[in-house]
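Here the structure is laid out as structure tokens; the discussion comes afterwards.
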Amino acid sequence: MGSCLSADGRSSISYSSSSASGTHKLRKNSWKRQGFRGSSFDSKREEELHKVPGRIFLNGATSIASLFTQQGKKGTNQDAMIVWENFDSKMDTVFCGVFDGHGPFGHMVARRVRDSLPLKLSNHWEVNLGQDGGSRLKNSCAEGSMDSKETASLCLEEEMRSTDFKESENHSDIFMTLQESLLKAFKVMDMELKLHPHIDCFCSGTTAVTLIKQDQHLVIGNVGDSRAVLGTRDQDDSLIPVQLTVDLKPNLPREAERIRRCRGRVFALQDEPEVARVWLPHSDSPGLAMARAFGDFCLKDFGLISVPEISYRYLTEKDEFIILATDGIWDVLSNKEVVDIVASASARSSAARALVESAVRAWKYKYPTSKIDDCAVVCLFLNSNVDGSSTDISETKELGPTIEFARSGGKSQETFDPTMLDQREISPEEGEEGLVQDSDSDEKSREEWLALEGVARANTLLALPRFVPGGDRGRP
């Protein structure tokens, strides 16, 4: 991600929008006056979540899923992931998600969404059970998180058209209930981030691609440019990929239209013409390379939204597995390559890891001068495995300096060096409790993040903000 430079070349983190900057500073000062230096409630809540049976968020595997994340070369690993079996206390239900944070506090945003979004979805799901989906949908944007009336009205339009009704006609009850639950959960999650006293989400945010599988019903909610792909068999019994989500980037005509109607600008810089970005109306910042995201409130009045695109699929015996992954995977591997890598993994327990390692090799080969992006993968297997050697999988355990993937009841193990990974979670002392600091330490954290980013292939957030001499460089 690009450094923030003023016209004289010195590093700067002051916002180019004076009104936005003023509001932001007042809000942070208000938090400090109220004594928000960290929340023991948040840390206790997180500790309890990590004890929930069936909830996995670190590198590891279960009998139906494989998870793996690896830090890139840009600094802190900002990706997060989760698999939650028996979700909402339902034996036949699984929740999965991957989250790709960006900005100086993107790792905090991604992990917060990972922890809070499933709980909000569960709550709304219970409330919405048995209610009429159509009437709920019309009222679902009544309490939107957007300050702009125009953006709020477009939010309702997006909710009405961001859903695939075609495949869901025969399963309308479960689909409409989950659709409304997802819409509400995503909206409330974004509102919570906006008001969060310990995470600065003004120029930080995260993507989210989530799925709920209940029996053979699959419902996906997507915000941003992470992706879900299905590995299935065609009529010739060949394994083929089916992309289940759309990368919601600013170059999509409907996304660009919404942003421009809200006075945001969409264009690519001359030195990266293939990457469309979102910019403020009168400032060449922040250059966000996605059209929807949690957080990033500097752009929420200018067309950026957190409304998920929701789709439905009824799974069949031909469907074998689903891959959720952040763009560190899709930037260098095709859907077909990803499906083939997962299918050819030596065991289900190592499928996600094999995919990440393949992506890292592809980064080094295709973009040797670029910094490798963070990668996070969740592989959800849909059918029972006929290979007994990989059906008995235990969750990954940390054992001193190595990490073991146990297979076949622990009969065989493989170890690897964890120094290349970002395994640990951010503790409260260095995480949320340390975010609200005095202005000097706040400035320092931003500068440290910017210094780490350096040059990368296509950064999600280009600048914080981007100061351009003359103001017109890079415009088409």
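If you're wondering about the labels, chains in the structure tokens are A, B, ... by order shown, residues count from 1 in each chain, ligands from 1 in order shown.
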If we count only C-alpha atoms, what is near Lys73 in chain A at a cut-off of 7 Å, once residues fewer than 6 positions away on the same chain are taken out, given as a list of chain:residue names? A:Lys371, A:Ile372, A:Asp373
Mind checking which residues fall within 8 Å of range 220-236 of chain A, counting only C-alpha atoms, ignoring those fewer than 5 positions away in the same chain, and posting them as a PyMOL selection string? chain A and resi 98-100+182+206-212+241-249+290-294+306-312+318-327+330+335+339
Would you mind writing down, as a VMD selection string, each residue of range 217-402 of chain A that DSSP on the backbone assigns to strand (DSSP E)? chain A and resid 217 to 223 227 to 233 239 to 243 265 to 267 277 to 280 283 to 288 294 to 295 309 to 314 319 to 325 375 to 381 397 to 399 402
Selection to disk with C-alpha atoms, as a tab-separated table (two decimals), in the first residue's frame:
chain	number	residue	atom	x	y	z
A	217	HIS	CA	-29.17	-25.71	1.49
A	218	LEU	CA	-26.33	-23.24	0.90
A	219	VAL	CA	-26.70	-19.48	1.39
A	220	ILE	CA	-23.75	-17.14	0.76
A	221	GLY	CA	-23.32	-13.52	1.82
A	222	ASN	CA	-20.49	-11.60	0.21
A	223	VAL	CA	-18.99	-8.13	0.70
A	227	ARG	CA	-14.35	-15.31	-3.24
A	228	ALA	CA	-16.23	-18.59	-2.88
A	229	VAL	CA	-15.78	-21.37	-5.45
A	230	LEU	CA	-17.49	-24.77	-5.62
A	231	GLY	CA	-15.77	-27.92	-6.80
A	232	THR	CA	-18.35	-30.10	-8.52
A	233	ARG	CA	-18.67	-32.84	-11.15
A	239	LEU	CA	-14.18	-31.95	-11.64
A	240	ILE	CA	-14.97	-28.34	-12.55
A	241	PRO	CA	-15.07	-25.02	-10.66
A	242	VAL	CA	-18.25	-23.01	-10.20
A	243	GLN	CA	-17.73	-19.47	-8.91
A	265	ARG	CA	-15.18	8.90	-7.91
A	266	VAL	CA	-13.98	5.72	-9.64
A	267	PHE	CA	-10.82	5.64	-11.73
A	277	ARG	CA	-10.34	2.48	-7.10
A	278	VAL	CA	-12.81	4.53	-5.09
A	279	TRP	CA	-11.85	8.11	-4.25
A	280	LEU	CA	-13.39	10.93	-2.26
A	283	SER	CA	-9.41	14.42	-2.74
A	284	ASP	CA	-7.16	11.77	-4.28
A	285	SER	CA	-7.65	9.48	-1.29
A	286	PRO	CA	-8.07	6.81	-0.06
A	287	GLY	CA	-8.03	4.77	-3.29
A	288	LEU	CA	-9.98	1.74	-2.09
A	294	PHE	CA	-17.17	-3.29	6.43
A	295	GLY	CA	-15.68	-0.14	7.95
A	309	GLU	CA	-24.68	-9.83	-2.22
A	310	ILE	CA	-26.63	-12.96	-1.26
A	311	SER	CA	-27.02	-16.13	-3.31
A	312	TYR	CA	-28.55	-19.56	-2.83
A	313	ARG	CA	-27.70	-23.05	-4.09
A	314	TYR	CA	-29.21	-26.44	-3.43
A	319	ASP	CA	-20.90	-31.10	-5.34
A	320	GLU	CA	-17.71	-32.08	-3.50
A	321	PHE	CA	-16.26	-29.07	-1.68
A	322	ILE	CA	-16.40	-25.29	-1.33
A	323	ILE	CA	-13.36	-23.04	-1.09
A	324	LEU	CA	-13.52	-19.65	0.60
A	325	ALA	CA	-10.36	-17.59	0.17
A	375	CYS	CA	-3.63	-15.64	2.34
A	376	ALA	CA	-6.51	-17.30	4.19
A	377	VAL	CA	-8.40	-20.39	3.04
A	378	VAL	CA	-11.34	-22.41	4.30
A	379	CYS	CA	-12.12	-25.70	2.53
A	380	LEU	CA	-15.52	-27.16	3.40
A	381	PHE	CA	-16.01	-30.76	2.26
A	397	LYS	CA	-2.45	-28.13	18.13
A	398	GLU	CA	0.42	-25.87	19.02
A	399	LEU	CA	3.27	-27.89	20.54
A	402	THR	CA	6.24	-26.68	15.91
For Glu192 in chain A, the nearest of the candidates A:Tyr367, A:Phe68, A:Phe87, A:Phe297, counting only C-alpha atoms: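 Of A:Tyr367, A:Phe68, A:Phe87, A:Phe297, the one nearest Glu192 in chain A, counting only C-alpha atoms, is A:Phe297.
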If we count only C-alpha atoms and set the cut-off at 8 Å, which residues sit around Arg55 in chain A, ignoring sequence neighbours fewer than 5 positions away in its own chain? Please answer as a list in words. Leu49, His50, Ile82, Val83, Trp84 and Glu85 of chain A
Write a file of the just-selected residues containing all heavy atoms, as an mmCIF file, in the first residue's frame.
data_model
loop_
_atom_site.group_PDB
_atom_site.id
_atom_site.type_symbol
_atom_site.label_atom_id
_atom_site.label_comp_id
_atom_site.auth_asym_id
_atom_site.auth_seq_id
_atom_site.Cartn_x
_atom_site.Cartn_y
_atom_site.Cartn_z
ATOM 1 N N LEU A 49 -15.662 -17.099 23.536
ATOM 2 C CA LEU A 49 -15.917 -17.554 22.168
ATOM 3 C C LEU A 49 -14.936 -18.644 21.752
ATOM 4 O O LEU A 49 -15.310 -19.613 21.091
ATOM 5 C CB LEU A 49 -15.812 -16.374 21.197
ATOM 6 C CG LEU A 49 -17.068 -15.558 20.935
ATOM 7 C CD1 LEU A 49 -16.735 -14.393 20.015
ATOM 8 C CD2 LEU A 49 -18.168 -16.399 20.313
ATOM 9 N N HIS A 50 -13.681 -18.494 22.140
ATOM 10 C CA HIS A 50 -12.655 -19.432 21.721
ATOM 11 C C HIS A 50 -12.818 -20.796 22.389
ATOM 12 O O HIS A 50 -12.146 -21.758 21.995
ATOM 13 C CB HIS A 50 -11.265 -18.865 22.019
ATOM 14 C CG HIS A 50 -10.939 -17.634 21.218
ATOM 15 N ND1 HIS A 50 -11.673 -17.258 20.117
ATOM 16 C CD2 HIS A 50 -9.959 -16.699 21.353
ATOM 17 C CE1 HIS A 50 -11.162 -16.149 19.606
ATOM 18 N NE2 HIS A 50 -10.128 -15.791 20.341
ATOM 19 N N ILE A 82 -12.923 -18.557 9.829
ATOM 20 C CA ILE A 82 -13.675 -19.280 10.853
ATOM 21 C C ILE A 82 -14.468 -20.411 10.226
ATOM 22 O O ILE A 82 -14.953 -20.291 9.095
ATOM 23 C CB ILE A 82 -14.623 -18.328 11.625
ATOM 24 C CG1 ILE A 82 -15.310 -19.061 12.781
ATOM 25 C CG2 ILE A 82 -15.665 -17.719 10.700
ATOM 26 C CD1 ILE A 82 -16.134 -18.159 13.690
ATOM 27 N N VAL A 83 -14.559 -21.514 10.947
ATOM 28 C CA VAL A 83 -15.516 -22.581 10.671
ATOM 29 C C VAL A 83 -16.225 -22.881 11.988
ATOM 30 O O VAL A 83 -15.571 -23.083 13.007
ATOM 31 C CB VAL A 83 -14.831 -23.860 10.136
ATOM 32 C CG1 VAL A 83 -15.824 -25.029 10.103
ATOM 33 C CG2 VAL A 83 -14.260 -23.628 8.752
ATOM 34 N N TRP A 84 -17.541 -22.873 11.956
ATOM 35 C CA TRP A 84 -18.326 -23.089 13.171
ATOM 36 C C TRP A 84 -19.337 -24.195 12.877
ATOM 37 O O TRP A 84 -20.360 -23.974 12.239
ATOM 38 C CB TRP A 84 -19.046 -21.804 13.574
ATOM 39 C CG TRP A 84 -19.590 -21.793 14.967
ATOM 40 C CD1 TRP A 84 -19.997 -22.870 15.697
ATOM 41 C CD2 TRP A 84 -19.778 -20.647 15.809
ATOM 42 N NE1 TRP A 84 -20.439 -22.472 16.945
ATOM 43 C CE2 TRP A 84 -20.299 -21.119 17.026
ATOM 44 C CE3 TRP A 84 -19.568 -19.285 15.623
ATOM 45 C CZ2 TRP A 84 -20.628 -20.247 18.078
ATOM 46 C CZ3 TRP A 84 -19.887 -18.429 16.659
ATOM 47 C CH2 TRP A 84 -20.405 -18.899 17.875
ATOM 48 N N GLU A 85 -19.020 -25.399 13.343
ATOM 49 C CA GLU A 85 -19.932 -26.528 13.170
ATOM 50 C C GLU A 85 -21.036 -26.488 14.221
ATOM 51 O O GLU A 85 -20.867 -25.913 15.301
ATOM 52 C CB GLU A 85 -19.153 -27.840 13.260
ATOM 53 C CG GLU A 85 -18.095 -27.989 12.167
ATOM 54 C CD GLU A 85 -17.375 -29.322 12.244
ATOM 55 O OE1 GLU A 85 -18.027 -30.346 12.550
ATOM 56 O OE2 GLU A 85 -16.156 -29.332 12.006
#
Which residue of A:Val113, A:Leu58, A:Ala65, A:Ala345 approaches Leu193 in chain A most closely, using only C-alpha atoms: A:Val113
What does the structure give for the distance between CA of Arg263 in chain A and CA of His282 in chain A, in Å to one decimal? 9.4 Å
From the set A:Ala256, A:Leu333, A:Ile341, A:Ile64, which residue has the shortest atom-to-atom contact distance to Ala289 in chain A, counting only C-alpha atoms?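 The closest residue to Ala289 in chain A is A:Ala256.
Residues in contact range of Arg111 in chain A, defined as at most 9 Å between only C-alpha atoms, with sequence neighbours fewer than 6 positions away removed, read Gln78, Asp79, Ala80, Met81, Phe99, Gly101 and Glu425 of chain A.
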Helix (DSSP H, G or I) positions in range 252-409 of chain A, given as a VMD selection string: chain A and resid 253 to 261 300 to 302 327 to 330 335 to 343 348 to 366 388 to 390 408 to 409
